[in-house]
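Novice: Below: one structure in structure tokens.
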Amino acid sequence: MAAPGNLFILSAPSGAGKSSLISALLKQPSERAMQVSVSHTTRDPRPGEINGQHYHFVTVEKFKQQIEQKEFYEYAEVFGNYYGTSETAIDAQLAQGIDVFLDIDWQGAQQVRMKKPDVTTIFISPPSKQELENRLTSRGQDSEQVIKERMAQAKAECSHYQEFDYIIVNDDFDQALADLTTIVNNQRLKRSQQVQNHQLLFKELLAND
Ligand SMILES: Nc1ncnc2c1ncn2[C@@H]1O[C@H](COP(=O)(O)OP(=O)(O)OP(=O)(O)O)[C@@H](O)[C@H]1O
Ligand SMILES: Nc1nc2c(ncn2[C@@H]2O[C@H](COP(=O)(O)O)[C@@H](O)[C@H]2O)c(=O)[nH]1
């Protein structure tokens with residue numbers, strides 16, 4: 001039986017480039033299937049965002065019901081809205097051997113670490129505060145007020161960088177993508193994974209002739 005999928009978390013201040021990096025990674029050829037988790041959120045969709053693809057957009061009432069029914073692997077309040085990861089969706093993907101990527105904040109990362117200590121956690125850092133602000137502005141999807149709030153929150157997110165297994169500074173995008181690919185491949189090459197993926201090989205190598 002093949003090994004279950006690996007779980008990866010990418011956290012960063014808003015605008016550092018998590019979604020861009022995950023989206024580029026998923027377009028690369030890979031020997032294992034990879035999927036990004038689609039979170040539930042109570043925030044309004046941005047122009048061009050599609051329900052079920054970028055997020056599952058739900059009301060606060062529905063989200064609170066889902067919390068009560070323990071549907072979330074983790075959830076948090078970020079920038080005044082709720083965001084959460086569905087437990088059943090993640091479990092099903094991992095059981096199928098799919099590598100799953102969570103684009104979540106530091107609060108969610110802490111909750112997942114408690115439940116799944118073998119999760120690989122990656123902090124994506126912007127190259128500077130100024131560049132972070134430039135990216136939020138040039139993305140063109142948030143008002144000046146929202147960008148101000150996100151810049152104010154960036155320090156809180158960055159203050160948790162030491163809790164992560166890896167740090168990628170997303171300055172040159174291609175280099176950051178190469179770094180992310182290296183981390184994913186490292187995880188796949190761990191002994192525990194390789195032994196499960198190559199059971200027949202090791203049986204043959206150790207068999208008496
Ligand atoms: N290395 C880079 N150099 C220049 N621009 C970048 C780089 N990486 C990402 N960007 C741009 O920065 C903007 C923010 O990126 P992205 O939306 O991926 O950030 P995010 O961390 O996922 O944000 P959020 O947490 O708000 O979802 C986008 O316009 C993206 O194209
Ligand atoms: N704890 C969680 N955080 C999440 C989840 N989905 C997204 N996020 C984080 O929220 C902010 C803002 O996202 P945006 O799409 O409104 O720009 C960002 O830091 C995401 O990482 C989640 O399911 N749980």
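Residues in the structure tokens are named by chain (A, B, ... in the order shown) and by number from 1 within that chain; ligands are numbered from 1 in the order shown.
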At a cut-off of 7 Å around ligand 1, and using only C-alpha atoms and all ligand atoms, what residues come up? Please write them as a ChimeraX atom specification.
Specialist: /A:12-21,135-136,138-139,170-173
Novice: Just N, CA and C atoms for this one: save the residues we selected as an mmCIF file, in the first residue's frame.
Specialist:
data_model
loop_
_atom_site.group_PDB
_atom_site.id
_atom_site.type_symbol
_atom_site.label_atom_id
_atom_site.label_comp_id
_atom_site.auth_asym_id
_atom_site.auth_seq_id
_atom_site.Cartn_x
_atom_site.Cartn_y
_atom_site.Cartn_z
ATOM 1 N N ALA A 12 2.130 33.051 6.134
ATOM 2 C CA ALA A 12 2.868 34.281 5.800
ATOM 3 C C ALA A 12 1.973 35.464 6.053
ATOM 4 N N PRO A 13 2.544 36.647 6.168
ATOM 5 C CA PRO A 13 1.663 37.814 6.179
ATOM 6 C C PRO A 13 0.933 37.912 4.842
ATOM 7 N N SER A 14 -0.273 38.423 4.885
ATOM 8 C CA SER A 14 -1.072 38.563 3.670
ATOM 9 C C SER A 14 -0.279 39.331 2.611
ATOM 10 N N GLY A 15 -0.203 38.789 1.390
ATOM 11 C CA GLY A 15 0.476 39.447 0.286
ATOM 12 C C GLY A 15 1.893 38.976 0.059
ATOM 13 N N ALA A 16 2.413 38.096 0.942
ATOM 14 C CA ALA A 16 3.809 37.638 0.775
ATOM 15 C C ALA A 16 3.962 36.683 -0.410
ATOM 16 N N GLY A 17 2.848 36.054 -0.824
ATOM 17 C CA GLY A 17 2.922 35.222 -2.031
ATOM 18 C C GLY A 17 2.599 33.742 -1.851
ATOM 19 N N LYS A 18 1.942 33.365 -0.740
ATOM 20 C CA LYS A 18 1.605 31.942 -0.507
ATOM 21 C C LYS A 18 0.784 31.353 -1.648
ATOM 22 N N SER A 19 -0.338 32.006 -1.961
ATOM 23 C CA SER A 19 -1.232 31.422 -2.985
ATOM 24 C C SER A 19 -0.535 31.346 -4.331
ATOM 25 N N SER A 20 0.267 32.370 -4.674
ATOM 26 C CA SER A 20 0.977 32.339 -5.968
ATOM 27 C C SER A 20 1.956 31.171 -6.005
ATOM 28 N N LEU A 21 2.651 30.946 -4.892
ATOM 29 C CA LEU A 21 3.643 29.852 -4.869
ATOM 30 C C LEU A 21 2.950 28.483 -4.941
ATOM 31 N N ARG A 135 3.154 44.697 -2.971
ATOM 32 C CA ARG A 135 2.434 43.537 -3.526
ATOM 33 C C ARG A 135 0.943 43.603 -3.216
ATOM 34 N N LEU A 136 0.627 44.026 -1.977
ATOM 35 C CA LEU A 136 -0.793 44.132 -1.621
ATOM 36 C C LEU A 136 -1.468 45.178 -2.508
ATOM 37 N N SER A 138 -0.360 46.264 -5.578
ATOM 38 C CA SER A 138 -0.389 45.914 -7.010
ATOM 39 C C SER A 138 -1.322 44.742 -7.294
ATOM 40 N N ARG A 139 -1.665 43.948 -6.261
ATOM 41 C CA ARG A 139 -2.655 42.884 -6.473
ATOM 42 C C ARG A 139 -3.999 43.495 -6.863
ATOM 43 N N ASN A 170 10.506 35.013 -0.131
ATOM 44 C CA ASN A 170 9.976 35.124 -1.488
ATOM 45 C C ASN A 170 10.352 36.477 -2.097
ATOM 46 N N ASP A 171 11.619 36.527 -2.575
ATOM 47 C CA ASP A 171 12.084 37.740 -3.254
ATOM 48 C C ASP A 171 11.978 37.454 -4.748
ATOM 49 N N ASP A 172 12.941 36.669 -5.274
ATOM 50 C CA ASP A 172 12.831 36.230 -6.664
ATOM 51 C C ASP A 172 11.851 35.050 -6.691
ATOM 52 N N PHE A 173 10.789 35.173 -7.475
ATOM 53 C CA PHE A 173 9.717 34.173 -7.428
ATOM 54 C C PHE A 173 10.207 32.778 -7.839
#
Novice: Residues at most 10 Å from stretch 175-183 of chain A, counting only C-alpha atoms, excluding those fewer than 4 positions away in the same chain, as a PyMOL selection string?
Specialist: chain A and resi 8+10+17+20-22+24-25+28+30+120-122+124+165-171+187-188
Novice: Please, could you write that set of residues out with C-alpha atoms as a PDB file, in the first residue's frame?
Specialist:
ATOM      1  CA  PHE A   8       2.145  20.980   4.180  1.00  0.00           C
ATOM      2  CA  LEU A  10       2.282  27.648   4.163  1.00  0.00           C
ATOM      3  CA  GLY A  17       2.922  35.222  -2.031  1.00  0.00           C
ATOM      4  CA  SER A  20       0.977  32.339  -5.968  1.00  0.00           C
ATOM      5  CA  LEU A  21       3.643  29.852  -4.869  1.00  0.00           C
ATOM      6  CA  ILE A  22       1.172  27.009  -4.217  1.00  0.00           C
ATOM      7  CA  ALA A  24       2.763  27.572  -9.435  1.00  0.00           C
ATOM      8  CA  LEU A  25       3.874  24.421  -7.583  1.00  0.00           C
ATOM      9  CA  GLN A  28       4.663  21.678 -12.138  1.00  0.00           C
ATOM     10  CA  SER A  30       5.050  15.826 -10.005  1.00  0.00           C
ATOM     11  CA  THR A 120       5.634  20.138   7.376  1.00  0.00           C
ATOM     12  CA  THR A 121       5.315  23.848   8.103  1.00  0.00           C
ATOM     13  CA  ILE A 122       6.757  26.598   5.938  1.00  0.00           C
ATOM     14  CA  ILE A 124       6.947  32.531   3.573  1.00  0.00           C
ATOM     15  CA  ASP A 165      10.187  24.048  10.071  1.00  0.00           C
ATOM     16  CA  TYR A 166      11.300  26.028   7.018  1.00  0.00           C
ATOM     17  CA  ILE A 167      11.542  29.655   5.959  1.00  0.00           C
ATOM     18  CA  ILE A 168      11.434  30.779   2.338  1.00  0.00           C
ATOM     19  CA  VAL A 169      12.164  34.421   1.527  1.00  0.00           C
ATOM     20  CA  ASN A 170       9.976  35.124  -1.488  1.00  0.00           C
ATOM     21  CA  ASP A 171      12.084  37.740  -3.254  1.00  0.00           C
ATOM     22  CA  GLN A 187       9.654  15.179   2.593  1.00  0.00           C
ATOM     23  CA  ARG A 188       8.858  12.582  -0.071  1.00  0.00           C
TER      24      ARG A 188
END
Novice: Go through stretch 39-84 of chain A and collect every residue that DSSP, computed from the backbone, puts in alpha helix (DSSP H); the answer should be as JSON, numbers by chain.
Specialist: {"A": [60, 61, 62, 63, 64, 65, 66, 67, 68]}
Novice: With only C-alpha atoms as the counted atoms, please give the residues lying no more than 8 Å from stretch 147-155 of chain A, apart from itself and same-chain residues fewer than 4 positions off, as a list in words.
Specialist: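 Counting only the stated atoms, we get Pro13, Ser14, Phe79, Leu132, Glu133, Leu136, Thr137, Asp142, Ser143 and Ser159 of chain A.
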Novice: What do you get as a PyMOL selection string if you pick all residues at most 9 Å from ligand 2, counting only C-alpha atoms and all ligand atoms?
Specialist: chain A and resi 10-15+18-19+37-41+43-46+54-55+72-79+81-86+102-111+142+150+157
Novice: How would the residues just picked look written out with C-alpha atoms as a PDB file, in the first residue's frame?
Specialist:
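Full text of result22.pdb as output:
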ATOM      1  CA  LEU A  10       2.282  27.648   4.163  1.00  0.00           C
ATOM      2  CA  SER A  11       1.831  30.691   6.397  1.00  0.00           C
ATOM      3  CA  ALA A  12       2.868  34.281   5.800  1.00  0.00           C
ATOM      4  CA  PRO A  13       1.663  37.814   6.179  1.00  0.00           C
ATOM      5  CA  SER A  14      -1.072  38.563   3.670  1.00  0.00           C
ATOM      6  CA  GLY A  15       0.476  39.447   0.286  1.00  0.00           C
ATOM      7  CA  LYS A  18       1.605  31.942  -0.507  1.00  0.00           C
ATOM      8  CA  SER A  19      -1.232  31.422  -2.985  1.00  0.00           C
ATOM      9  CA  SER A  37      -7.141  22.730   0.473  1.00  0.00           C
ATOM     10  CA  VAL A  38     -10.143  24.962  -0.221  1.00  0.00           C
ATOM     11  CA  SER A  39     -10.993  26.734   3.034  1.00  0.00           C
ATOM     12  CA  HIS A  40     -14.344  27.935   4.291  1.00  0.00           C
ATOM     13  CA  THR A  41     -14.577  31.659   4.982  1.00  0.00           C
ATOM     14  CA  ARG A  43     -15.381  37.059   4.141  1.00  0.00           C
ATOM     15  CA  ASP A  44     -16.941  38.430   0.955  1.00  0.00           C
ATOM     16  CA  PRO A  45     -15.600  37.077  -2.362  1.00  0.00           C
ATOM     17  CA  ARG A  46     -13.137  39.337  -4.179  1.00  0.00           C
ATOM     18  CA  HIS A  54     -10.939  29.812  -4.176  1.00  0.00           C
ATOM     19  CA  TYR A  55     -12.994  29.396  -0.993  1.00  0.00           C
ATOM     20  CA  PHE A  72     -13.078  21.878  11.069  1.00  0.00           C
ATOM     21  CA  TYR A  73      -9.556  20.538  11.306  1.00  0.00           C
ATOM     22  CA  GLU A  74      -8.656  24.064  12.406  1.00  0.00           C
ATOM     23  CA  TYR A  75     -10.274  27.470  12.256  1.00  0.00           C
ATOM     24  CA  ALA A  76      -9.415  31.031  13.224  1.00  0.00           C
ATOM     25  CA  GLU A  77     -10.601  34.588  13.067  1.00  0.00           C
ATOM     26  CA  VAL A  78      -8.357  36.527  10.695  1.00  0.00           C
ATOM     27  CA  PHE A  79      -8.876  40.203   9.779  1.00  0.00           C
ATOM     28  CA  ASN A  81     -13.590  37.094   9.392  1.00  0.00           C
ATOM     29  CA  TYR A  82     -13.664  33.366  10.104  1.00  0.00           C
ATOM     30  CA  TYR A  83     -11.544  30.960   8.078  1.00  0.00           C
ATOM     31  CA  GLY A  84     -11.446  27.163   8.515  1.00  0.00           C
ATOM     32  CA  THR A  85     -10.222  23.896   7.002  1.00  0.00           C
ATOM     33  CA  SER A  86     -12.659  21.017   6.555  1.00  0.00           C
ATOM     34  CA  LEU A 102      -2.868  24.455   3.500  1.00  0.00           C
ATOM     35  CA  ASP A 103      -2.634  28.229   3.015  1.00  0.00           C
ATOM     36  CA  ILE A 104      -3.523  29.218   6.576  1.00  0.00           C
ATOM     37  CA  ASP A 105      -2.482  31.700   9.257  1.00  0.00           C
ATOM     38  CA  TRP A 106      -0.273  31.064  12.322  1.00  0.00           C
ATOM     39  CA  GLN A 107      -3.252  30.291  14.580  1.00  0.00           C
ATOM     40  CA  GLY A 108      -4.408  27.532  12.241  1.00  0.00           C
ATOM     41  CA  ALA A 109      -0.833  26.244  11.925  1.00  0.00           C
ATOM     42  CA  GLN A 110      -0.630  25.887  15.724  1.00  0.00           C
ATOM     43  CA  GLN A 111      -3.867  23.868  15.819  1.00  0.00           C
ATOM     44  CA  ASP A 142      -8.203  45.284  -1.574  1.00  0.00           C
ATOM     45  CA  ARG A 150      -3.229  43.819   6.646  1.00  0.00           C
ATOM     46  CA  GLU A 157       2.036  36.926  11.664  1.00  0.00           C
TER      47      GLU A 157
END
Novice: Find the distance between atom CA of A:Ala33 and atom CA of A:Asp99 and write it in Å to one decimal.
Specialist: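 Calculated distance between atom CA of A:Ala33 and atom CA of A:Asp99 is 6.2 Å.
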Novice: Mind checking DSSP for stretch 6-183 of chain A and telling me the strand (DSSP E or B) residues as JSON, numbers by chain?
Specialist: {"A": [7, 8, 9, 10, 11, 34, 35, 36, 40, 41, 51, 55, 56, 57, 72, 73, 74, 75, 76, 77, 78, 81, 82, 83, 84, 85, 86, 99, 100, 101, 102, 103, 120, 121, 122, 123, 124, 125, 166, 167, 168, 169]}
Novice: Residues as selected, N, CA and C atoms, written as a short mmCIF file (atom, residue, chain, number, x, y, z; two decimals), in the first residue's frame, can you do that?
Specialist:
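Heads up, here's the output in out28.cif:
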data_model
loop_
_atom_site.label_atom_id
_atom_site.label_comp_id
_atom_site.auth_asym_id
_atom_site.auth_seq_id
_atom_site.Cartn_x
_atom_site.Cartn_y
_atom_site.Cartn_z
N LEU A 7 1.14 16.35 4.47
CA LEU A 7 0.42 17.61 4.72
C LEU A 7 1.45 18.73 4.88
N PHE A 8 1.25 19.82 4.12
CA PHE A 8 2.14 20.98 4.18
C PHE A 8 1.32 22.21 4.54
N ILE A 9 1.91 23.05 5.40
CA ILE A 9 1.27 24.34 5.72
C ILE A 9 2.17 25.46 5.20
N LEU A 10 1.57 26.42 4.51
CA LEU A 10 2.28 27.65 4.16
C LEU A 10 1.60 28.79 4.89
N SER A 11 2.36 29.52 5.70
CA SER A 11 1.83 30.69 6.40
C SER A 11 2.72 31.88 6.08
N MET A 34 -1.04 16.38 -6.09
CA MET A 34 -0.98 17.48 -5.12
C MET A 34 -2.28 18.29 -5.23
N GLN A 35 -2.79 18.72 -4.09
CA GLN A 35 -3.99 19.57 -4.11
C GLN A 35 -3.86 20.64 -3.03
N VAL A 36 -4.48 21.79 -3.31
CA VAL A 36 -4.54 22.82 -2.28
C VAL A 36 -5.89 22.68 -1.58
N HIS A 40 -13.06 27.25 4.13
CA HIS A 40 -14.34 27.94 4.29
C HIS A 40 -14.04 29.32 4.86
N THR A 41 -14.76 30.32 4.41
CA THR A 41 -14.58 31.66 4.98
C THR A 41 -15.88 32.43 5.01
N ASN A 51 -16.82 30.53 -5.85
CA ASN A 51 -17.22 29.71 -4.70
C ASN A 51 -16.88 28.24 -4.98
N TYR A 55 -12.50 29.63 -2.36
CA TYR A 55 -12.99 29.40 -0.99
C TYR A 55 -14.40 28.81 -1.09
N HIS A 56 -14.86 28.23 0.02
CA HIS A 56 -16.29 27.98 0.20
C HIS A 56 -16.78 29.19 0.99
N PHE A 57 -17.53 30.07 0.34
CA PHE A 57 -17.99 31.29 1.01
C PHE A 57 -19.29 30.99 1.78
N PHE A 72 -14.35 21.28 11.46
CA PHE A 72 -13.08 21.88 11.07
C PHE A 72 -11.87 21.20 11.69
N TYR A 73 -10.87 21.02 10.86
CA TYR A 73 -9.56 20.54 11.31
C TYR A 73 -8.92 21.63 12.15
N GLU A 74 -9.10 22.86 11.69
CA GLU A 74 -8.66 24.06 12.41
C GLU A 74 -9.50 25.20 11.91
N TYR A 75 -9.63 26.24 12.74
CA TYR A 75 -10.27 27.47 12.26
C TYR A 75 -9.75 28.64 13.07
N ALA A 76 -9.90 29.83 12.52
CA ALA A 76 -9.42 31.03 13.22
C ALA A 76 -10.16 32.25 12.72
N GLU A 77 -10.08 33.30 13.52
CA GLU A 77 -10.60 34.59 13.07
C GLU A 77 -9.41 35.39 12.56
N VAL A 78 -9.47 35.77 11.30
CA VAL A 78 -8.36 36.53 10.70
C VAL A 78 -8.95 37.78 10.05
N ASN A 81 -12.75 38.13 10.01
CA ASN A 81 -13.59 37.09 9.39
C ASN A 81 -13.13 35.72 9.86
N TYR A 82 -14.04 34.74 9.76
CA TYR A 82 -13.66 33.37 10.10
C TYR A 82 -13.12 32.65 8.88
N TYR A 83 -12.11 31.82 9.13
CA TYR A 83 -11.54 30.96 8.08
C TYR A 83 -11.35 29.58 8.70
N GLY A 84 -11.64 28.50 7.95
CA GLY A 84 -11.45 27.16 8.52
C GLY A 84 -11.21 26.10 7.46
N THR A 85 -10.57 25.01 7.89
CA THR A 85 -10.22 23.90 7.00
C THR A 85 -11.10 22.69 7.33
N SER A 86 -11.76 22.15 6.33
CA SER A 86 -12.66 21.02 6.56
C SER A 86 -11.89 19.74 6.87
N ASP A 99 -0.72 14.72 -1.75
CA ASP A 99 -0.05 15.73 -0.92
C ASP A 99 -0.94 16.98 -0.86
N VAL A 100 -1.22 17.43 0.36
CA VAL A 100 -2.19 18.52 0.53
C VAL A 100 -1.50 19.77 1.10
N PHE A 101 -1.82 20.92 0.52
CA PHE A 101 -1.22 22.19 0.92
C PHE A 101 -2.27 23.09 1.57
N LEU A 102 -1.96 23.54 2.79
CA LEU A 102 -2.87 24.45 3.50
C LEU A 102 -2.27 25.85 3.49
N ASP A 103 -3.03 26.81 2.99
CA ASP A 103 -2.63 28.23 3.01
C ASP A 103 -3.41 28.84 4.18
N THR A 120 4.47 19.31 7.74
CA THR A 120 5.63 20.14 7.38
C THR A 120 5.17 21.58 7.27
N THR A 121 5.79 22.46 8.07
CA THR A 121 5.31 23.85 8.10
C THR A 121 6.35 24.80 7.51
N ILE A 122 5.86 25.70 6.68
CA ILE A 122 6.76 26.60 5.94
C ILE A 122 6.29 28.05 6.12
N PHE A 123 7.22 28.89 6.54
CA PHE A 123 6.90 30.32 6.67
C PHE A 123 7.43 31.04 5.44
N ILE A 124 6.54 31.76 4.76
CA ILE A 124 6.95 32.53 3.57
C ILE A 124 7.13 33.98 4.00
N SER A 125 8.35 34.47 3.85
CA SER A 125 8.62 35.85 4.26
C SER A 125 8.72 36.76 3.03
N TYR A 166 10.52 25.42 8.11
CA TYR A 166 11.30 26.03 7.02
C TYR A 166 10.90 27.49 6.85
N ILE A 167 11.85 28.26 6.32
CA ILE A 167 11.54 29.65 5.96
C ILE A 167 11.98 29.87 4.51
N ILE A 168 11.08 30.40 3.71
CA ILE A 168 11.43 30.78 2.34
C ILE A 168 11.26 32.29 2.23
N VAL A 169 12.31 32.98 1.79
CA VAL A 169 12.16 34.42 1.53
C VAL A 169 11.74 34.56 0.07
#
